[in-house]
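Participant: The structure's right below; bear with me while I get my questions together.
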Amino acid sequence: MSSATTTRSGYTAAAQLADVLPPLKQRSRAMTFVRRHPTIVLGGSLLLIMVLIAILAPYLGTVDPTALAPAKRTREPSAQFWFGSDMLGRDVYSRVIYGARISLIVGFAVAAVASALGTFIGLVSGFIRGADAILMRVMDGLMSIPSILLAIALMALTRASVQNVVIAISVAEFPRVSRLIRGVVLSLREQPFVEAAVASGTRLPMIIVKHILPNTLAPLMVNATFICASAMIIEASLSFIGAGTPPIIPSWGNIMAEGRALWQVKPYIVFFPAVFLCITVLSVNLLGDGLRDALDPRLAKRL
Amino acid sequence: MFAYAARRIAATIPVMLVVAFFVFSLLYLAPGDPAAIIAGDQATPADVERIRASLGLDRPFLVRFGEWLWQIIHGDLGTSIFTNLPVSHMIAQRIEPTVSLMVLTIVFSIVVAIPLGVLAAWKHGSWLDSGVMVMAVFGFSTPVFVLGYLLAYFFALQLDWLPVQGFHSLSDGIVPFLRNLTLPTIALGLIFIALLARITRATMLDVLSQDYVRTAKAKGVDQRSVLFVHALKNAAVPIVTVIGNGVALLIGGAVITESVFAIPGLGRLTVDAILRRDYPVIQGVVLLFSVSYVLVNLAVDLLYTVFDPRIRY
């Protein structure tokens with residue numbers, strides 16, 4: 001074979017490729033993103049819709065979610081009561097729409113608080129040898145109490161309020177974050193770029209801010225989405241058994257708790273908040289799965 | 001092996017101490033002064049002080065913690081504020097339904113999830129694989145009480161196949177026992193199935209790409225035996241770890257499931273205790289669940305050496 005033939009067949013192959021694949025320019029950046037990360041797009045859009053619902057709750061045809069109308073108790077879903085009314089005559093639709101606020105606030109707040117607290121403990125533990133052993137034993141101890149039970153126990157000590165629910169769930173969730181961050185810190189400390197920074201006399205706070213924190217961001221973000229999903233479920237569970245958000249606040253768990261007594265005859269009171277809760281948790285989980293696949297290609301294939 | 005076991009058992013002691021410390025602080029910080037409650041409305045501050053001293057409540061925190069720990073080790077979990085019964089007695093009465101529910105759920109989940117995970121890994125990229133993965137995401141996103149109500153609505157109320165609520169002891173016969181626990185087991189099991197199927201699939205994907213699996217295929221070992229004997233055995237360690245860790249999810253889920261299906265177990269006891277602010281009972285249940293969780297994971301760690309004799313710590 002002469003080199004000319006090889007070159008020519010090479011050209012032919014290239015020409016065929018161009019026939020099969022459309023030029024890259026035709027696919028916009030947005031479309032490429034959607035094709036590459038369908039779960040991020042799906043989860044993100046669903047979550048965005050829920051956030052909009054929560055923010056725009058007063059403009060979505062809702063009435064006062066706590067307004068009692070004893071004469072209109074337990075109406076079936078209708079034009080006036082889209083999702084029916086509960087045993088006190090309150091509009092279930094309005095309660096479910098306003099309930100989105102509680103779920104999202106608790107989910108986001110717990111994700112933020114637990115991530116911040118866990119990062120702090122993880123950094124201390126990763127850099128200070130003396131503190132490491134003690135801190136990690138305490139974290140192991142906290143992690144061996146099942147999250148819901150830990151949150152229940154803490155809620156039993158305090159008054160029911162959204163703030164206390166956030167604190168209780170954060171305490172149950174942050175030890176895992178601290179373990180994660182400690183692991184990242186320990187492996188980063190051995191990396192040449194950190195050693196170089198130490199050798200060139202960079203101060204510890206600067207090393208943490210410039211070299212350690214940026215590298216914890218990806219695992220932290222993925223973890224935060226899963227904490228958010230878990231916090232929403234725990235909040236609903238706590239409210240459902242009567243140990244969560246105060247009953248006067250319409251949260252999805254509370255609506256279901258109140259619908260419990262009647263669920264065999266009026267299943268819709270339990271059904272609608274349940275559907276919203278599932279969709280919201282699903283959207284956050286999808287977002288988390290997508291982020292993990294996008295940010296950690298090694299894991300993408302496996303989980 | 002023995003050195004490893006001894007070291008692993010010793011490592012659970014500080015963890016147990018942290019749990020005990022947390023649980024004790026719970027009672028210590030609980031609002032309401034037991035001495036004032038016992039003394040009643042007519043008591044003078046001096047009376048309350050005397051009762052407090054006679055109960056030993058005026059001593060330092062650590063002294064009381066030490067004494068409490070000593071009692072716990074001897075099986076004394078204190079007395080319920082509400083029923084005046086020993087907490088250990090109340091727990092013993094309620095333990096059967098919870099243990100039955102959890103054991104059934106673990107067995108059911110393993111039987112469903114592991115074959116699903118293995119098949120998903122084997123048919124990697126097929127509709128079966130995608131189906132299992134989609135199911136797993138839904139499993140993680142459906143709270144146990146939502147699924148519980150859905151199942152109860154369709155299979156108990158609409159189709160009338162199974163009882164809506166309640167519990168029958170195994171001593172009443174196996175059929176009513178299983179009929180009552182079927183729906184709770186499925187409701188509680190879904191998240192565990194999701195977790196197990198996912199880790200089984202992930203580990204099997206790794207194992208199936210190893211040389212000895214190819215060798216086994218090449219020498220003509222039949223497909224089923226390659227998957228379930230050669231490969232699954234080597235994927236056992238991560239799967240068993242996840243089963244151990246997942247027990248925490250099961251415990252939390254059991255508390256909620258028992259409320260949905262009116263099962264008179266430890267979960268119901270916990271919920272009732274919270275509503276009555278019966279701190280000794282809350283304390284006892286949290287302690288019992290956490291210690292069981294630690295012990296299950298200790299057992300799992302010790303099992304590693306059985307599944308994978310290469311592990312020598």
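Ordering of the structure tokens sets the chain letters (A, B, ...); residue numbers start at 1 within each chain; ligands are numbered from 1 in the order shown.
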Using only C-alpha atoms, find which residues of chain B lie within 6 Å of chain A and jot them down as a VMD selection string.

Facilitator: chain B and resid 15 18 to 19 30 141 to 142 146 202 248 252 290

Participant: What's around stretch 245-250 of chain A at 10 Å? Count only C-alpha atoms, leave out sequence neighbours fewer than 6 positions away in its own chain, and write the answer as a PyMOL selection string.

Facilitator: chain A and resi 65-66+92+94-102+106+155+159-166+235-236+238-239+256-258

Participant: Write to file, as a compact mmCIF listing (two decimals), in the first residue's frame, the residues of the selection just made, with N, CA and C atoms.

Facilitator:
# COMPACT_ATOMS: atom_id res chain seq x y z
N PRO A 65 -54.59 30.12 54.06
CA PRO A 65 -54.52 28.67 54.32
C PRO A 65 -54.95 28.30 55.73
N THR A 66 -55.08 29.31 56.62
CA THR A 66 -55.49 28.97 57.98
C THR A 66 -56.93 29.39 58.26
N VAL A 92 -57.64 22.87 51.16
CA VAL A 92 -56.44 22.02 51.09
C VAL A 92 -55.49 22.53 50.02
N SER A 94 -54.88 25.64 49.03
CA SER A 94 -54.08 26.75 49.55
C SER A 94 -53.05 26.25 50.55
N ARG A 95 -53.45 25.30 51.38
CA ARG A 95 -52.52 24.79 52.39
C ARG A 95 -51.35 24.07 51.75
N VAL A 96 -51.65 23.28 50.70
CA VAL A 96 -50.57 22.55 50.03
C VAL A 96 -49.61 23.53 49.35
N ILE A 97 -50.17 24.56 48.69
CA ILE A 97 -49.31 25.53 47.99
C ILE A 97 -48.42 26.28 48.98
N TYR A 98 -49.02 26.74 50.10
CA TYR A 98 -48.20 27.43 51.11
C TYR A 98 -47.24 26.45 51.79
N GLY A 99 -47.63 25.18 51.84
CA GLY A 99 -46.77 24.16 52.46
C GLY A 99 -45.43 24.03 51.76
N ALA A 100 -45.41 24.34 50.44
CA ALA A 100 -44.16 24.27 49.69
C ALA A 100 -43.10 25.15 50.35
N ARG A 101 -43.54 26.28 50.93
CA ARG A 101 -42.57 27.19 51.55
C ARG A 101 -41.82 26.50 52.69
N ILE A 102 -42.58 25.82 53.56
CA ILE A 102 -41.95 25.19 54.72
C ILE A 102 -40.95 24.11 54.28
N VAL A 106 -37.01 24.52 55.00
CA VAL A 106 -36.34 23.55 55.86
C VAL A 106 -35.24 22.82 55.08
N MET A 155 -36.27 17.46 69.28
CA MET A 155 -37.53 18.20 69.23
C MET A 155 -38.30 18.03 70.55
N ARG A 159 -39.41 23.68 72.14
CA ARG A 159 -40.69 24.10 71.64
C ARG A 159 -40.74 23.80 70.13
N ALA A 160 -41.92 23.44 69.62
CA ALA A 160 -42.05 23.23 68.19
C ALA A 160 -41.95 24.57 67.46
N SER A 161 -40.98 24.69 66.55
CA SER A 161 -40.90 25.86 65.69
C SER A 161 -40.09 25.46 64.47
N VAL A 162 -40.25 26.21 63.37
CA VAL A 162 -39.52 25.87 62.15
C VAL A 162 -38.02 25.93 62.42
N GLN A 163 -37.62 26.95 63.20
CA GLN A 163 -36.20 27.12 63.50
C GLN A 163 -35.64 25.91 64.24
N ASN A 164 -36.38 25.42 65.25
CA ASN A 164 -35.91 24.26 66.00
C ASN A 164 -35.89 23.00 65.14
N VAL A 165 -36.84 22.89 64.21
CA VAL A 165 -36.82 21.74 63.30
C VAL A 165 -35.54 21.77 62.47
N VAL A 166 -35.18 22.97 61.98
CA VAL A 166 -33.96 23.10 61.17
C VAL A 166 -32.74 22.72 62.01
N GLU A 235 -38.47 16.40 57.93
CA GLU A 235 -39.40 17.43 58.41
C GLU A 235 -40.84 16.92 58.29
N ALA A 236 -41.16 16.35 57.12
CA ALA A 236 -42.52 15.85 56.91
C ALA A 236 -42.82 14.72 57.90
N LEU A 238 -41.43 14.20 60.89
CA LEU A 238 -41.58 14.75 62.24
C LEU A 238 -42.96 15.39 62.40
N SER A 239 -43.34 16.21 61.43
CA SER A 239 -44.65 16.87 61.51
C SER A 239 -45.76 15.82 61.51
N MET A 256 -50.88 16.22 56.25
CA MET A 256 -51.10 14.76 56.25
C MET A 256 -51.45 14.27 57.64
N ALA A 257 -50.79 14.84 58.66
CA ALA A 257 -51.09 14.42 60.04
C ALA A 257 -52.55 14.70 60.36
N GLU A 258 -53.05 15.88 59.90
CA GLU A 258 -54.44 16.21 60.19
C GLU A 258 -55.40 15.36 59.36

Participant: Write out as a VMD selection string all residues of stretch 65-260 of chain B that DSSP puts in helix (DSSP H, G or I) for this structure's backbone.

Facilitator: chain B and resid 65 to 73 87 to 122 127 to 141 144 to 158 170 to 172 174 to 208 211 to 218 223 to 234 236 to 260

Participant: Quick one, how far is atom CA of B:Ala187 from atom CA of B:Gly148?

Facilitator: 5.1 Å

Participant: Give the answer as one residue: which of A:Pro38, A:Gly290, A:Gly244, A:Gly84 has the shortest atom-to-atom distance to A:Ala151, using only C-alpha atoms?

Facilitator: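 Of A:Pro38, A:Gly290, A:Gly244, A:Gly84, the one nearest A:Ala151 is A:Gly244, counting only C-alpha atoms.
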
Participant: Using only C-alpha atoms, which residues sit within 10 Å of stretch 109-125 of chain A once same-chain residues fewer than 6 positions away are excluded, as an mmCIF file with C-alpha atoms, in the first residue's frame?

Facilitator:
data_model
loop_
_atom_site.group_PDB
_atom_site.id
_atom_site.type_symbol
_atom_site.label_atom_id
_atom_site.label_comp_id
_atom_site.auth_asym_id
_atom_site.auth_seq_id
_atom_site.Cartn_x
_atom_site.Cartn_y
_atom_site.Cartn_z
ATOM 1 C CA SER A 103 -40.531 22.157 52.936
ATOM 2 C CA ALA A 131 -8.717 17.308 67.997
ATOM 3 C CA ASP A 132 -9.204 14.708 65.282
ATOM 4 C CA ALA A 133 -9.489 11.593 67.449
ATOM 5 C CA ILE A 134 -11.973 13.145 69.888
ATOM 6 C CA LEU A 135 -14.084 14.918 67.265
ATOM 7 C CA MET A 136 -14.383 11.836 65.088
ATOM 8 C CA MET A 139 -19.246 12.249 65.175
ATOM 9 C CA GLN A 163 -36.198 27.123 63.499
ATOM 10 C CA VAL A 165 -36.825 21.739 63.299
ATOM 11 C CA VAL A 166 -33.961 23.103 61.172
ATOM 12 C CA ILE A 167 -31.532 22.883 64.109
ATOM 13 C CA ALA A 168 -32.631 19.366 65.086
ATOM 14 C CA ILE A 169 -32.295 17.980 61.544
ATOM 15 C CA SER A 170 -28.981 19.797 61.011
ATOM 16 C CA VAL A 171 -27.528 18.180 64.139
ATOM 17 C CA ALA A 172 -28.599 14.811 62.769
ATOM 18 C CA GLU A 173 -27.068 15.486 59.326
ATOM 19 C CA PHE A 174 -23.810 17.386 59.895
ATOM 20 C CA PRO A 175 -21.618 14.521 61.230
ATOM 21 C CA ARG A 176 -21.636 12.881 57.784
ATOM 22 C CA VAL A 177 -20.508 16.146 56.195
ATOM 23 C CA SER A 178 -17.670 16.465 58.703
ATOM 24 C CA ARG A 179 -16.482 12.958 57.841
ATOM 25 C CA LEU A 180 -16.618 13.767 54.132
ATOM 26 C CA ILE A 181 -14.684 17.029 54.467
ATOM 27 C CA ARG A 182 -12.115 15.480 56.809
ATOM 28 C CA GLY A 183 -11.465 12.788 54.192
ATOM 29 C CA VAL A 184 -11.025 15.388 51.450
ATOM 30 C CA VAL A 185 -8.709 17.489 53.650
ATOM 31 C CA LEU A 186 -6.552 14.500 54.580
ATOM 32 C CA ILE A 208 -7.563 26.657 53.527
ATOM 33 C CA ILE A 212 -8.601 23.369 50.356
ATOM 34 C CA LEU A 213 -12.063 24.934 50.215
ATOM 35 C CA THR A 216 -14.240 20.541 48.768
ATOM 36 C CA LEU A 220 -20.006 19.412 49.322
ATOM 37 C CA MET A 221 -22.543 20.554 46.727
ATOM 38 C CA ASN A 223 -23.850 16.110 49.439
ATOM 39 C CA ALA A 224 -25.886 19.248 50.179
ATOM 40 C CA THR A 225 -28.552 18.239 47.649
ATOM 41 C CA PHE A 226 -28.922 14.834 49.288
ATOM 42 C CA ILE A 227 -29.099 16.459 52.731
ATOM 43 C CA CYS A 228 -31.789 18.792 51.377
ATOM 44 C CA ALA A 229 -33.878 15.834 50.156
ATOM 45 C CA SER A 230 -33.388 13.938 53.388
ATOM 46 C CA ALA A 231 -34.258 17.036 55.482
ATOM 47 C CA MET A 232 -37.537 17.489 53.592
#

Participant: Quick one: residues within 9 Å of A:Ala218, only C-alpha atoms, excluding same-chain residues fewer than 3 positions away - as a list in words?

Facilitator: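 Listed by chain and then number, they are Pro214, Asn215, Met221, Val222, Asn223, Leu291, Arg292, Leu295 and Asp296 of chain A.
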